$ cat run.txt   # compact mmCIF, C-alpha atoms (C1' of nucleotides)
# COMPACT_ATOMS: atom_id res chain seq x y z
CA MET A 23 -70.81 -36.20 119.65
CA SER A 24 -67.67 -36.48 117.71
CA ASP A 25 -66.82 -39.85 119.29
CA GLU A 26 -64.13 -42.23 118.19
CA GLY A 27 -65.78 -44.34 115.49
CA PRO A 28 -65.42 -43.36 111.88
CA TRP A 29 -69.10 -42.55 111.57
CA LEU A 30 -71.03 -39.35 111.82
CA GLY A 31 -73.44 -38.72 114.68
CA ASP A 32 -77.16 -38.57 114.04
CA ALA A 33 -77.44 -34.82 113.85
CA GLU A 34 -74.36 -34.60 111.68
CA GLN A 35 -75.57 -37.36 109.43
CA CYS A 36 -78.82 -35.52 108.95
CA VAL A 37 -77.15 -32.21 108.17
CA TRP A 38 -74.77 -33.91 105.78
CA ARG A 39 -77.62 -35.40 103.79
CA GLN A 40 -79.28 -32.01 103.64
CA TRP A 41 -76.00 -30.56 102.46
CA THR A 42 -75.60 -33.01 99.59
CA THR A 43 -79.25 -32.73 98.64
CA LEU A 44 -78.92 -28.97 98.53
CA ASP A 45 -75.84 -29.40 96.42
CA THR A 46 -78.01 -31.21 93.91
CA LEU A 47 -81.12 -29.07 93.99
CA LEU A 48 -80.03 -25.50 94.56
CA PRO A 49 -77.65 -25.11 91.62
CA ALA A 50 -80.16 -26.91 89.42
CA ALA A 51 -82.96 -24.54 90.40
CA LEU A 52 -80.81 -21.44 90.05
CA GLY A 53 -79.48 -22.67 86.74
CA ARG A 54 -82.94 -23.30 85.34
CA GLN A 55 -84.13 -19.85 86.33
CA LEU A 56 -81.08 -18.22 84.83
CA GLN A 57 -81.27 -20.25 81.65
CA ALA A 58 -84.95 -19.54 81.13
CA ASP A 59 -84.51 -15.91 81.97
CA SER A 60 -81.41 -15.06 79.99
CA GLY A 61 -79.92 -18.06 78.23
CA LEU A 62 -76.93 -18.13 80.56
CA SER A 63 -75.75 -21.07 82.63
CA LEU A 64 -74.56 -20.65 86.20
CA PRO A 65 -70.89 -20.99 85.17
CA ASP A 66 -71.43 -18.49 82.36
CA PHE A 67 -72.80 -16.07 84.90
CA ALA A 68 -69.89 -16.57 87.27
CA VAL A 69 -67.40 -15.84 84.51
CA LEU A 70 -69.23 -12.74 83.36
CA VAL A 71 -69.48 -11.39 86.90
CA GLN A 72 -65.72 -11.58 87.34
CA LEU A 73 -65.04 -10.03 83.96
CA SER A 74 -67.51 -7.20 84.36
CA GLU A 75 -66.07 -6.35 87.76
CA SER A 76 -62.55 -6.23 86.39
CA GLU A 77 -60.68 -3.26 85.03
CA ALA A 78 -61.35 -2.85 81.30
CA GLY A 79 -63.49 -5.98 81.42
CA ARG A 80 -60.55 -8.28 80.91
CA VAL A 81 -58.35 -10.57 82.96
CA ARG A 82 -55.65 -13.12 82.47
CA VAL A 83 -57.05 -16.60 82.03
CA SER A 84 -55.22 -18.02 85.02
CA GLU A 85 -56.31 -15.12 87.16
CA LEU A 86 -59.91 -15.80 86.23
CA GLY A 87 -59.40 -19.41 87.20
CA GLN A 88 -58.11 -18.37 90.62
CA MET A 89 -60.99 -15.98 91.22
CA LEU A 90 -63.45 -18.75 90.49
CA THR A 91 -61.34 -21.51 92.05
CA TRP A 92 -61.64 -23.42 88.80
CA GLU A 93 -59.08 -25.79 87.40
CA LYS A 94 -57.21 -24.36 84.47
CA SER A 95 -58.58 -26.84 81.99
CA ARG A 96 -62.11 -26.21 83.17
CA THR A 97 -61.51 -22.52 82.65
CA SER A 98 -60.11 -23.06 79.21
CA HIS A 99 -62.90 -25.36 78.08
CA HIS A 100 -65.59 -23.10 79.38
CA LEU A 101 -64.09 -20.01 77.78
CA THR A 102 -63.98 -21.84 74.47
CA ARG A 103 -67.68 -22.54 74.69
CA MET A 104 -68.49 -18.98 75.72
CA GLU A 105 -66.29 -17.59 72.96
CA LYS A 106 -68.24 -19.65 70.44
CA ARG A 107 -71.40 -17.94 71.64
CA GLY A 108 -69.87 -14.49 71.46
CA LEU A 109 -69.99 -13.75 75.19
CA VAL A 110 -66.25 -13.35 75.64
CA GLY A 111 -63.19 -12.98 73.47
CA ARG A 112 -59.56 -13.97 73.85
CA GLU A 113 -56.78 -11.45 73.41
CA GLN A 114 -53.02 -11.83 73.29
CA CYS A 115 -50.95 -10.76 76.22
CA PRO A 116 -48.15 -8.36 75.31
CA ASP A 117 -46.05 -9.01 78.43
CA ASP A 118 -46.07 -12.77 78.27
CA ALA A 119 -46.36 -14.49 74.93
CA ARG A 120 -47.76 -17.71 76.34
CA GLY A 121 -50.43 -15.90 78.34
CA ALA A 122 -53.84 -14.69 77.24
CA PHE A 123 -56.53 -12.28 78.28
CA VAL A 124 -60.24 -12.96 78.31
CA ALA A 125 -62.42 -9.97 77.67
CA ILE A 126 -66.14 -9.56 78.00
CA THR A 127 -67.84 -8.60 74.74
CA PRO A 128 -70.70 -6.10 74.40
CA ALA A 129 -73.03 -9.06 74.01
CA GLY A 130 -71.63 -10.56 77.18
CA ARG A 131 -72.08 -7.34 79.09
CA GLU A 132 -75.62 -7.00 77.90
CA ALA A 133 -76.38 -10.60 78.82
CA ILE A 134 -75.17 -10.24 82.38
CA GLU A 135 -76.79 -6.87 82.96
CA GLN A 136 -80.05 -8.32 81.86
CA ALA A 137 -79.61 -11.51 83.89
CA ALA A 138 -78.23 -10.18 87.17
CA PRO A 139 -81.32 -8.70 88.84
CA GLY A 140 -83.43 -11.80 88.31
CA HIS A 141 -80.69 -14.06 89.50
CA ALA A 142 -79.99 -12.02 92.62
CA CYS A 143 -83.69 -12.01 93.33
CA THR A 144 -83.91 -15.78 93.06
CA VAL A 145 -80.96 -16.22 95.40
CA ARG A 146 -82.58 -13.93 97.91
CA ARG A 147 -85.93 -15.59 97.62
CA LEU A 148 -84.58 -19.11 98.00
CA VAL A 149 -81.88 -18.44 100.53
CA PHE A 150 -81.36 -15.12 102.20
CA ASP A 151 -84.78 -13.61 102.64
CA HIS A 152 -85.63 -16.05 105.40
CA LEU A 153 -82.31 -15.97 107.23
CA THR A 154 -81.59 -13.93 110.31
CA PRO A 155 -78.36 -11.89 110.44
CA ASP A 156 -77.19 -14.31 113.08
CA GLU A 157 -77.70 -17.28 110.82
CA VAL A 158 -75.83 -15.51 108.04
CA ARG A 159 -72.98 -14.88 110.43
CA VAL A 160 -72.81 -18.52 111.51
CA LEU A 161 -72.86 -19.67 107.91
CA GLY A 162 -69.99 -17.36 107.07
CA GLU A 163 -67.92 -18.66 109.98
CA VAL A 164 -68.60 -22.27 109.20
CA TYR A 165 -67.82 -21.87 105.52
CA ALA A 166 -64.66 -19.93 106.21
CA GLY A 167 -63.47 -22.76 108.41
CA VAL A 168 -64.17 -25.45 105.85
CA LEU A 169 -62.52 -23.42 103.11
CA ALA A 170 -59.45 -22.93 105.28
CA ARG A 171 -59.20 -26.65 105.92
CA LEU A 172 -59.64 -27.36 102.23
CA ALA A 173 -56.86 -24.95 101.37
CA ALA A 174 -54.62 -26.56 103.97
CA THR A 175 -55.36 -30.00 102.54
CA GLU A 176 -54.74 -29.03 98.94
CA GLN A 177 -51.19 -27.88 99.33
CA SER A 178 -50.01 -30.78 101.43
CA MET B 1 -80.89 -5.41 105.78
CA SER B 2 -82.84 -7.18 103.14
CA ASP B 3 -83.73 -3.79 101.63
CA GLU B 4 -85.62 -3.14 98.46
CA GLY B 5 -82.98 -3.31 95.74
CA PRO B 6 -82.46 -6.56 93.90
CA TRP B 7 -78.92 -6.91 95.23
CA LEU B 8 -77.50 -8.79 98.16
CA GLY B 9 -76.08 -7.00 101.16
CA ASP B 10 -72.36 -7.13 101.87
CA ALA B 11 -72.48 -9.92 104.41
CA GLU B 12 -74.85 -11.91 102.26
CA GLN B 13 -72.75 -11.35 99.17
CA CYS B 14 -69.72 -12.64 101.02
CA VAL B 15 -71.49 -15.73 102.31
CA TRP B 16 -72.90 -16.41 98.88
CA ARG B 17 -69.45 -16.40 97.30
CA GLN B 18 -68.23 -18.75 100.01
CA TRP B 19 -71.20 -20.96 99.29
CA THR B 20 -70.49 -21.22 95.58
CA THR B 21 -66.78 -21.68 96.16
CA LEU B 22 -67.50 -24.47 98.57
CA ASP B 23 -69.80 -25.98 96.01
CA THR B 24 -66.82 -26.15 93.69
CA LEU B 25 -64.12 -27.28 96.08
CA LEU B 26 -65.74 -29.56 98.62
CA PRO B 27 -67.24 -32.15 96.25
CA ALA B 28 -64.01 -32.07 94.25
CA ALA B 29 -61.90 -32.79 97.31
CA LEU B 30 -64.22 -35.49 98.61
CA GLY B 31 -64.41 -37.06 95.18
CA ARG B 32 -60.66 -37.17 94.78
CA GLN B 33 -60.20 -38.81 98.15
CA LEU B 34 -62.89 -41.37 97.42
CA GLN B 35 -61.59 -42.08 93.95
CA ALA B 36 -58.01 -42.53 95.11
CA ASP B 37 -59.08 -44.61 98.08
CA SER B 38 -61.57 -46.94 96.49
CA GLY B 39 -62.15 -46.19 92.81
CA LEU B 40 -65.65 -44.88 93.48
CA SER B 41 -67.01 -41.48 92.51
CA LEU B 42 -69.19 -39.45 94.83
CA PRO B 43 -72.35 -40.34 92.87
CA ASP B 44 -71.36 -44.01 92.89
CA PHE B 45 -71.04 -43.80 96.64
CA ALA B 46 -74.41 -42.14 97.06
CA VAL B 47 -76.11 -44.86 95.05
CA LEU B 48 -74.41 -47.65 96.94
CA VAL B 49 -75.31 -46.12 100.30
CA GLN B 50 -78.98 -46.12 99.42
CA LEU B 51 -78.89 -49.63 98.06
CA SER B 52 -76.97 -51.09 100.96
CA GLU B 53 -79.38 -49.51 103.42
CA SER B 54 -82.39 -50.94 101.62
CA GLU B 55 -84.15 -54.19 102.29
CA ALA B 56 -82.53 -57.00 100.26
CA GLY B 57 -80.17 -54.45 98.76
CA ARG B 58 -82.56 -53.51 96.01
CA VAL B 59 -84.96 -50.71 95.17
CA ARG B 60 -87.10 -49.55 92.32
CA VAL B 61 -85.24 -47.24 89.99
CA SER B 62 -87.64 -44.36 90.48
CA GLU B 63 -87.53 -44.82 94.23
CA LEU B 64 -83.76 -44.56 94.15
CA GLY B 65 -84.09 -41.37 92.16
CA GLN B 66 -86.38 -39.89 94.79
CA MET B 67 -84.07 -40.86 97.64
CA LEU B 68 -81.18 -39.11 95.92
CA THR B 69 -83.32 -36.31 94.46
CA TRP B 70 -81.94 -37.17 91.04
CA GLU B 71 -83.72 -36.77 87.74
CA LYS B 72 -84.85 -40.03 86.28
CA SER B 73 -82.56 -39.85 83.29
CA ARG B 74 -79.59 -39.06 85.47
CA THR B 75 -80.43 -42.10 87.54
CA SER B 76 -80.76 -44.28 84.50
CA HIS B 77 -77.52 -43.12 82.89
CA HIS B 78 -75.58 -43.51 86.09
CA LEU B 79 -76.92 -46.97 86.78
CA THR B 80 -75.90 -47.99 83.28
CA ARG B 81 -72.33 -46.91 83.98
CA MET B 82 -72.29 -48.64 87.34
CA GLU B 83 -73.79 -51.78 85.89
CA LYS B 84 -71.01 -51.87 83.32
CA ARG B 85 -68.51 -51.90 86.16
CA GLY B 86 -70.34 -54.64 88.03
CA LEU B 87 -71.33 -52.55 91.04
CA VAL B 88 -75.07 -52.93 90.58
CA GLY B 89 -77.44 -55.06 88.56
CA ARG B 90 -80.89 -54.50 87.11
CA GLU B 91 -83.72 -56.92 87.80
CA GLN B 92 -87.22 -57.19 86.43
CA CYS B 93 -90.16 -56.14 88.52
CA PRO B 94 -92.81 -58.82 88.85
CA ASP B 95 -95.63 -56.45 89.84
CA ASP B 96 -95.17 -53.91 87.08
CA ALA B 97 -93.70 -55.06 83.81
CA ARG B 98 -92.42 -51.63 82.83
CA GLY B 99 -90.63 -51.13 86.15
CA ALA B 100 -87.20 -52.31 87.24
CA PHE B 101 -85.21 -52.97 90.37
CA VAL B 102 -81.60 -52.05 90.94
CA ALA B 103 -79.68 -54.35 93.22
CA ILE B 104 -76.26 -53.98 94.75
CA THR B 105 -73.86 -56.75 93.73
CA PRO B 106 -71.35 -58.43 96.04
CA ALA B 107 -68.64 -56.36 94.36
CA GLY B 108 -70.68 -53.23 95.04
CA ARG B 109 -71.15 -54.15 98.67
CA GLU B 110 -67.48 -54.83 99.08
CA ALA B 111 -66.59 -51.54 97.42
CA ILE B 112 -68.76 -49.45 99.69
CA GLU B 113 -67.79 -51.26 102.86
CA GLN B 114 -64.18 -50.62 102.02
CA ALA B 115 -64.80 -47.00 101.04
CA ALA B 116 -67.18 -45.83 103.75
CA PRO B 117 -64.86 -45.39 106.74
CA GLY B 118 -62.34 -43.30 104.84
CA HIS B 119 -65.03 -41.16 103.29
CA ALA B 120 -66.78 -40.54 106.58
CA CYS B 121 -63.46 -39.67 108.10
CA THR B 122 -62.74 -37.12 105.38
CA VAL B 123 -66.15 -35.54 105.82
CA ARG B 124 -65.55 -35.26 109.53
CA ARG B 125 -62.08 -33.89 109.12
CA LEU B 126 -63.08 -31.25 106.58
CA VAL B 127 -66.43 -30.30 108.00
CA PHE B 128 -67.77 -31.58 111.27
CA ASP B 129 -64.79 -31.99 113.56
CA HIS B 130 -64.46 -28.26 113.95
CA LEU B 131 -68.14 -27.43 114.31
CA THR B 132 -69.92 -26.86 117.58
CA PRO B 133 -73.26 -28.60 118.18
CA ASP B 134 -74.84 -25.19 117.95
CA GLU B 135 -73.39 -24.54 114.52
CA VAL B 136 -74.59 -27.94 113.35
CA ARG B 137 -78.05 -27.08 114.61
CA VAL B 138 -78.10 -23.75 112.77
CA LEU B 139 -76.91 -25.39 109.57
CA GLY B 140 -79.68 -27.93 109.82
CA GLU B 141 -82.32 -25.26 110.30
CA VAL B 142 -81.04 -23.11 107.47
CA TYR B 143 -80.80 -26.03 105.07
CA ALA B 144 -84.23 -27.31 105.99
CA GLY B 145 -85.65 -23.89 105.21
CA VAL B 146 -83.98 -23.64 101.82
CA LEU B 147 -85.02 -27.17 100.93
CA ALA B 148 -88.60 -26.38 101.88
CA ARG B 149 -88.61 -23.31 99.68
CA LEU B 150 -87.09 -25.30 96.83
CA ALA B 151 -89.78 -27.93 97.16
CA ALA B 152 -92.45 -25.24 97.16
CA THR B 153 -90.96 -23.69 94.04
CA GLU B 154 -90.66 -26.94 92.13
CA GLN B 155 -94.30 -27.88 92.19
CA SER B 156 -95.65 -24.49 91.25
C1' DA C 11 -112.70 -55.32 73.75
C1' DG C 12 -110.92 -50.76 72.18
C1' DC C 13 -109.16 -46.25 73.07
C1' DG C 14 -106.82 -42.46 75.47
C1' DT C 15 -103.90 -41.11 78.97
C1' DC C 16 -100.50 -41.54 82.47
C1' DG C 17 -96.21 -43.11 84.50
C1' DG C 18 -91.74 -45.83 84.61
C1' DG C 19 -87.70 -46.10 82.33
C1' DT C 20 -84.36 -45.66 78.45
C1' DT C 21 -81.99 -43.22 74.81
C1' DG C 22 -79.41 -39.61 72.18
C1' DA C 23 -77.67 -35.06 71.83
C1' DT C 24 -75.44 -31.65 74.07
C1' DG C 25 -73.26 -29.02 77.80
C1' DT C 26 -70.23 -29.42 81.83
C1' DG C 27 -66.03 -30.99 84.74
C1' DT C 28 -61.64 -33.70 85.49
C1' DC C 29 -57.42 -35.83 84.52
C1' DA C 30 -53.26 -36.53 81.97
C1' DA C 31 -50.50 -35.14 78.30
C1' DC C 32 -48.74 -31.69 75.73
C1' DA C 33 -46.91 -27.20 73.41
C1' DA C 34 -44.92 -23.03 74.07
C1' DC C 35 -42.73 -19.53 76.51
C1' DA C 36 -40.29 -17.47 80.86
C1' DG C 37 -36.68 -17.41 84.24
C1' DT C 38 -32.46 -19.21 86.17
C1' DG C 39 -27.89 -20.93 86.18
C1' DC C 40 -23.96 -22.30 83.67
C1' DG D 28 -25.77 -19.29 73.94
C1' DC D 29 -27.75 -23.50 76.18
C1' DA D 30 -29.90 -26.69 79.19
C1' DC D 31 -33.19 -27.02 83.24
C1' DT D 32 -37.11 -26.02 85.46
C1' DG D 33 -41.45 -23.86 86.24
C1' DT D 34 -45.63 -21.61 84.41
C1' DT D 35 -49.44 -20.62 81.04
C1' DG D 36 -52.73 -22.38 78.48
C1' DT D 37 -54.76 -25.86 75.23
C1' DT D 38 -56.27 -30.46 73.85
C1' DG D 39 -58.44 -35.20 73.95
C1' DA D 40 -60.61 -38.68 76.31
C1' DC D 41 -63.78 -39.71 79.45
C1' DA D 42 -67.22 -39.25 83.45
C1' DC D 43 -71.16 -36.68 84.74
C1' DA D 44 -75.77 -33.96 84.23
C1' DT D 45 -79.84 -32.16 81.68
C1' DC D 46 -83.31 -31.88 78.26
C1' DA D 47 -86.48 -33.65 74.98
C1' DA D 48 -88.14 -37.49 72.71
C1' DC D 49 -89.47 -41.89 72.92
C1' DC D 50 -91.20 -46.97 74.11
C1' DC D 51 -94.22 -49.66 76.46
C1' DG D 52 -97.04 -51.44 79.91
C1' DA D 53 -100.71 -49.85 83.47
C1' DC D 54 -105.06 -47.77 84.27
C1' DG D 55 -109.53 -45.81 83.41
C1' DC D 56 -113.15 -45.08 80.43
C1' DT D 57 -117.00 -46.40 77.43
$ encode --input "run.txt" --output "C-alpha cells"
Amino acid sequence: MSDEGPWLGDAEQCVWRQWTTLDTLLPAALGRQLQADSGLSLPDFAVLVQLSESEAGRVRVSELGQMLTWEKSRTSHHLTRMEKRGLVGREQCPDDARGAFVAITPAGREAIEQAAPGHACTVRRLVFDHLTPDEVRVLGEVYAGVLARLAATEQS
Amino acid sequence: MSDEGPWLGDAEQCVWRQWTTLDTLLPAALGRQLQADSGLSLPDFAVLVQLSESEAGRVRVSELGQMLTWEKSRTSHHLTRMEKRGLVGREQCPDDARGAFVAITPAGREAIEQAAPGHACTVRRLVFDHLTPDEVRVLGEVYAGVLARLAATEQS
DNA sequence: AGCGTCGGGTTGATGTGTCAACAACAGTGC
DNA sequence: GCACTGTTGTTGACACATCAACCCGACGCT
C-alpha cells in the first residue's frame, strides 16, 4: 500500500476508476432529472441556490464565483446565459463602479422553488438514502482533506 | 436522520456541497497538471489508457464508449479531435462494415507513457496518500452503491 | 428477393468550461 | 495631479458534452 512506484495500488486503482465514472454519470443523471423537471441545468441550480440564500437575493459577481468555486470567466459567461433566459439580472454596484451585483428575478425564484424538492429527492435517492451516518462522516473527512490539499496546491 | 421532508440533513448537506465543489476543483487541477506536463486533457488520457491496455491497442468505438461510460456521440466527437492531433487513428472493421476500430498511434503511446507517471503521482498526492486503507474501502463501497443505483435508474 | 427494424457511428446545433487578453476602476505612493 | 499596481468583470477563441437527427449496413421476416 502506498509503496514507492508512481502507480496506484489495486484497491486505489479500483476506487479511482469508480470515482471518475461517478464523475461522468452522477452529474449527467442529476442534470437530466433537473432539466426534465424544471428546465434548469445543474449550474443554473447552483447559482440560484446561492442567490436565493443571500440577503435581498443579490450578491457581487466575484462573491458568487467564490461561493461556487467557479472561475470568474465561467461565472460571467454563465450569468450572461441565465440573464438571457430571465432567471437573473445584473445591477450596478454603487460602492465600486467596476463591480456588479447579480440578483435573482421572480422567474428565477419561482424556477428554483419548483425545482428544489425534486432535485433534493433525487440526490437522496441516488446517494444518501443508502448511506450510514458513519459512511457520511468518512466521506466528509476524506473530502475535507482533498479540498485542503487542493487549496494548498492552488496558491503555491 | 433521513426523515420525511424532501431536504437533506445538515451533515448530508455539508457533504453534498463538498462533493460538488470537489467535482469542480479536482478535475480542473488534474487537468491543468496533465495539460502542462504533457499536452493531454483528462479525457484524452482516459481514452489512451483504455486503448493502451487493449489487445493490439485497438477497440471498437462503441466498446470504448462503454469502457468509459461515455455517450456514443461524445466518443465520436472526441476521437475526431484526437485523430486530428495524431493520437489515435480509425480503422475499418472487417466483420461489420458499419463498425469501426480506434487504434492508438505511436505518438499516442508515447504521449501516454510520458504522461502517466506524473498524473498518477498527482492523483496520489491529492487523494490517496493521505487516506487510510479503511477510508479507501468505505469510498469503494459507497461508490459501488451509487453506481449500482445509477445503473438501475438508467434502464428503467 | 424485398421489406422493416435495429444498431453502430457520424454530424450539426447548442450549451458549458477554460484560458488569455482586455477594459475599466480602485488604492497607493510620489 | 499622476503613474503604478492590483482587482473586477467582460470578451473571444477554443475544447468539451449533450441532444436529436441522420446514414447505412446487419438482421429477421415473409
$ calpha_fit_and_write --input "run.txt" --fixed "chain A" --moving "chain B" --output "CSV table (one decimal) with C-alpha atoms, keeping the file's coordinate frame"
chain,number,residue,atom,x,y,z
B,1,MET,CA,-70.3,-36.1,120.2
B,2,SER,CA,-67.6,-36.4,117.8
B,3,ASP,CA,-66.7,-39.8,119.4
B,4,GLU,CA,-64.1,-42.2,118.2
B,5,GLY,CA,-65.8,-44.3,115.5
B,6,PRO,CA,-65.4,-43.3,111.9
B,7,TRP,CA,-69.1,-42.5,111.6
B,8,LEU,CA,-71.1,-39.3,111.9
B,9,GLY,CA,-73.5,-38.7,114.7
B,10,ASP,CA,-77.2,-38.6,114.1
B,11,ALA,CA,-77.5,-34.8,113.9
B,12,GLU,CA,-74.4,-34.6,111.7
B,13,GLN,CA,-75.6,-37.4,109.5
B,14,CYS,CA,-78.9,-35.5,109.0
B,15,VAL,CA,-77.2,-32.2,108.2
B,16,TRP,CA,-74.8,-33.9,105.8
B,17,ARG,CA,-77.7,-35.4,103.8
B,18,GLN,CA,-79.3,-32.0,103.7
B,19,TRP,CA,-76.0,-30.6,102.5
B,20,THR,CA,-75.6,-33.0,99.6
B,21,THR,CA,-79.3,-32.7,98.7
B,22,LEU,CA,-78.9,-29.0,98.5
B,23,ASP,CA,-75.9,-29.4,96.4
B,24,THR,CA,-78.0,-31.2,93.9
B,25,LEU,CA,-81.1,-29.1,94.0
B,26,LEU,CA,-80.0,-25.5,94.6
B,27,PRO,CA,-77.7,-25.1,91.6
B,28,ALA,CA,-80.2,-26.9,89.4
B,29,ALA,CA,-83.0,-24.6,90.4
B,30,LEU,CA,-80.8,-21.5,90.1
B,31,GLY,CA,-79.5,-22.7,86.7
B,32,ARG,CA,-83.0,-23.3,85.4
B,33,GLN,CA,-84.1,-19.9,86.3
B,34,LEU,CA,-81.1,-18.2,84.8
B,35,GLN,CA,-81.3,-20.3,81.7
B,36,ALA,CA,-85.0,-19.6,81.1
B,37,ASP,CA,-84.5,-15.9,82.0
B,38,SER,CA,-81.4,-15.1,80.0
B,39,GLY,CA,-80.0,-18.1,78.2
B,40,LEU,CA,-76.9,-18.1,80.5
B,41,SER,CA,-75.8,-21.1,82.6
B,42,LEU,CA,-74.6,-20.7,86.2
B,43,PRO,CA,-70.9,-21.0,85.1
B,44,ASP,CA,-71.4,-18.5,82.3
B,45,PHE,CA,-72.8,-16.1,84.9
B,46,ALA,CA,-69.9,-16.6,87.3
B,47,VAL,CA,-67.4,-15.9,84.5
B,48,LEU,CA,-69.2,-12.8,83.4
B,49,VAL,CA,-69.5,-11.4,86.9
B,50,GLN,CA,-65.7,-11.6,87.3
B,51,LEU,CA,-65.0,-10.1,84.0
B,52,SER,CA,-67.5,-7.2,84.4
B,53,GLU,CA,-66.1,-6.4,87.8
B,54,SER,CA,-62.5,-6.3,86.4
B,55,GLU,CA,-60.7,-3.3,85.1
B,56,ALA,CA,-61.3,-2.9,81.4
B,57,GLY,CA,-63.5,-6.0,81.5
B,58,ARG,CA,-60.5,-8.3,81.0
B,59,VAL,CA,-58.3,-10.6,83.0
B,60,ARG,CA,-55.6,-13.2,82.5
B,61,VAL,CA,-57.0,-16.6,82.0
B,62,SER,CA,-55.2,-18.1,85.0
B,63,GLU,CA,-56.3,-15.2,87.1
B,64,LEU,CA,-59.9,-15.8,86.2
B,65,GLY,CA,-59.4,-19.5,87.2
B,66,GLN,CA,-58.1,-18.4,90.6
B,67,MET,CA,-61.0,-16.0,91.2
B,68,LEU,CA,-63.5,-18.8,90.5
B,69,THR,CA,-61.3,-21.6,92.0
B,70,TRP,CA,-61.6,-23.5,88.7
B,71,GLU,CA,-59.1,-25.8,87.3
B,72,LYS,CA,-57.2,-24.4,84.4
B,73,SER,CA,-58.6,-26.8,81.9
B,74,ARG,CA,-62.1,-26.2,83.1
B,75,THR,CA,-61.5,-22.5,82.6
B,76,SER,CA,-60.1,-23.0,79.1
B,77,HIS,CA,-62.9,-25.4,78.0
B,78,HIS,CA,-65.6,-23.1,79.3
B,79,LEU,CA,-64.1,-20.0,77.7
B,80,THR,CA,-64.0,-21.8,74.4
B,81,ARG,CA,-67.7,-22.5,74.6
B,82,MET,CA,-68.5,-18.9,75.7
B,83,GLU,CA,-66.3,-17.5,73.0
B,84,LYS,CA,-68.2,-19.5,70.4
B,85,ARG,CA,-71.4,-17.9,71.6
B,86,GLY,CA,-69.8,-14.4,71.5
B,87,LEU,CA,-70.0,-13.7,75.2
B,88,VAL,CA,-66.2,-13.3,75.7
B,89,GLY,CA,-63.2,-12.9,73.5
B,90,ARG,CA,-59.5,-13.9,73.9
B,91,GLU,CA,-56.8,-11.4,73.4
B,92,GLN,CA,-53.0,-11.8,73.3
B,93,CYS,CA,-50.9,-10.7,76.2
B,94,PRO,CA,-48.2,-8.3,75.3
B,95,ASP,CA,-46.0,-9.0,78.4
B,96,ASP,CA,-46.0,-12.7,78.2
B,97,ALA,CA,-46.3,-14.3,74.8
B,98,ARG,CA,-47.7,-17.6,76.2
B,99,GLY,CA,-50.4,-15.9,78.2
B,100,ALA,CA,-53.8,-14.7,77.2
B,101,PHE,CA,-56.5,-12.3,78.3
B,102,VAL,CA,-60.2,-13.0,78.3
B,103,ALA,CA,-62.4,-10.0,77.7
B,104,ILE,CA,-66.1,-9.6,78.0
B,105,THR,CA,-67.8,-8.6,74.8
B,106,PRO,CA,-70.7,-6.0,74.5
B,107,ALA,CA,-73.0,-9.0,74.0
B,108,GLY,CA,-71.6,-10.5,77.2
B,109,ARG,CA,-72.1,-7.3,79.1
B,110,GLU,CA,-75.6,-7.0,77.9
B,111,ALA,CA,-76.4,-10.6,78.8
B,112,ILE,CA,-75.2,-10.2,82.4
B,113,GLU,CA,-76.8,-6.9,83.0
B,114,GLN,CA,-80.1,-8.3,81.9
B,115,ALA,CA,-79.6,-11.5,83.9
B,116,ALA,CA,-78.2,-10.2,87.2
B,117,PRO,CA,-81.3,-8.7,88.8
B,118,GLY,CA,-83.4,-11.8,88.3
B,119,HIS,CA,-80.7,-14.1,89.5
B,120,ALA,CA,-80.0,-12.1,92.6
B,121,CYS,CA,-83.7,-12.0,93.3
B,122,THR,CA,-83.9,-15.8,93.0
B,123,VAL,CA,-81.0,-16.2,95.4
B,124,ARG,CA,-82.6,-13.9,97.9
B,125,ARG,CA,-85.9,-15.6,97.6
B,126,LEU,CA,-84.6,-19.1,98.0
B,127,VAL,CA,-81.9,-18.4,100.5
B,128,PHE,CA,-81.4,-15.1,102.2
B,129,ASP,CA,-84.8,-13.6,102.6
B,130,HIS,CA,-85.7,-16.0,105.4
B,131,LEU,CA,-82.3,-15.9,107.2
B,132,THR,CA,-81.6,-13.9,110.3
B,133,PRO,CA,-78.4,-11.9,110.4
B,134,ASP,CA,-77.2,-14.3,113.0
B,135,GLU,CA,-77.7,-17.3,110.8
B,136,VAL,CA,-75.9,-15.5,108.0
B,137,ARG,CA,-73.0,-14.9,110.4
B,138,VAL,CA,-72.8,-18.5,111.5
B,139,LEU,CA,-72.9,-19.7,107.9
B,140,GLY,CA,-70.0,-17.4,107.0
B,141,GLU,CA,-67.9,-18.6,109.9
B,142,VAL,CA,-68.6,-22.3,109.2
B,143,TYR,CA,-67.9,-21.9,105.5
B,144,ALA,CA,-64.7,-19.9,106.2
B,145,GLY,CA,-63.5,-22.8,108.4
B,146,VAL,CA,-64.2,-25.5,105.9
B,147,LEU,CA,-62.6,-23.4,103.1
B,148,ALA,CA,-59.5,-22.9,105.3
B,149,ARG,CA,-59.2,-26.7,105.9
B,150,LEU,CA,-59.7,-27.4,102.2
B,151,ALA,CA,-56.9,-25.0,101.4
B,152,ALA,CA,-54.7,-26.6,104.0
B,153,THR,CA,-55.4,-30.0,102.6
B,154,GLU,CA,-54.8,-29.0,98.9
B,155,GLN,CA,-51.2,-27.9,99.3
B,156,SER,CA,-50.1,-30.8,101.4
$ residues_around --input "run.txt" --residues "DC32 of chain C" --least-positions-apart "4" --cutoff "12 Å" --atoms "only C-alpha atoms (C1' of nucleotides)" --output "ChimeraX atom specification"
/D:36-39
$ atom_distance --input "run.txt" --atom1 "atom CA of Glu91 of chain B" --atom2 "atom C1' of DC49 of chain D"
21.9 Å
$ interface_residues --input "run.txt" --of "chain C" --to "chain A" --cutoff "7 Å" --atoms "only C-alpha atoms (C1' of nucleotides)" --output "JSON, numbers by chain"
{"C": [27, 34, 35]}
$ atom_distance --input "run.txt" --atom1 "atom CA of Ala11 of chain B" --atom2 "atom CA of Thr154 of chain A"
11.6 Å
$ closest_residue --input "run.txt" --among "B:Asp10, B:Glu53, B:Glu154, B:Asp44" --to "Ala51 of chain A" --atoms "all atoms listed in the file"
B:Glu154
$ residues_around --input "run.txt" --residues "segment 15-18 of chain C" --least-positions-apart "4" --cutoff "12 Å" --atoms "only C-alpha atoms (C1' of nucleotides)" --output "list of chain:residue names"
B:Arg60, B:Val61, B:Ser62, B:Glu63, B:Gly65, B:Lys72, B:Ser73, B:Ser76, B:Cys93, B:Asp96, B:Ala97, B:Arg98, B:Gly99, B:Ala100, B:Phe101, D:DC50, D:DC51, D:DG52, D:DA53, D:DC54, D:DG55, D:DC56
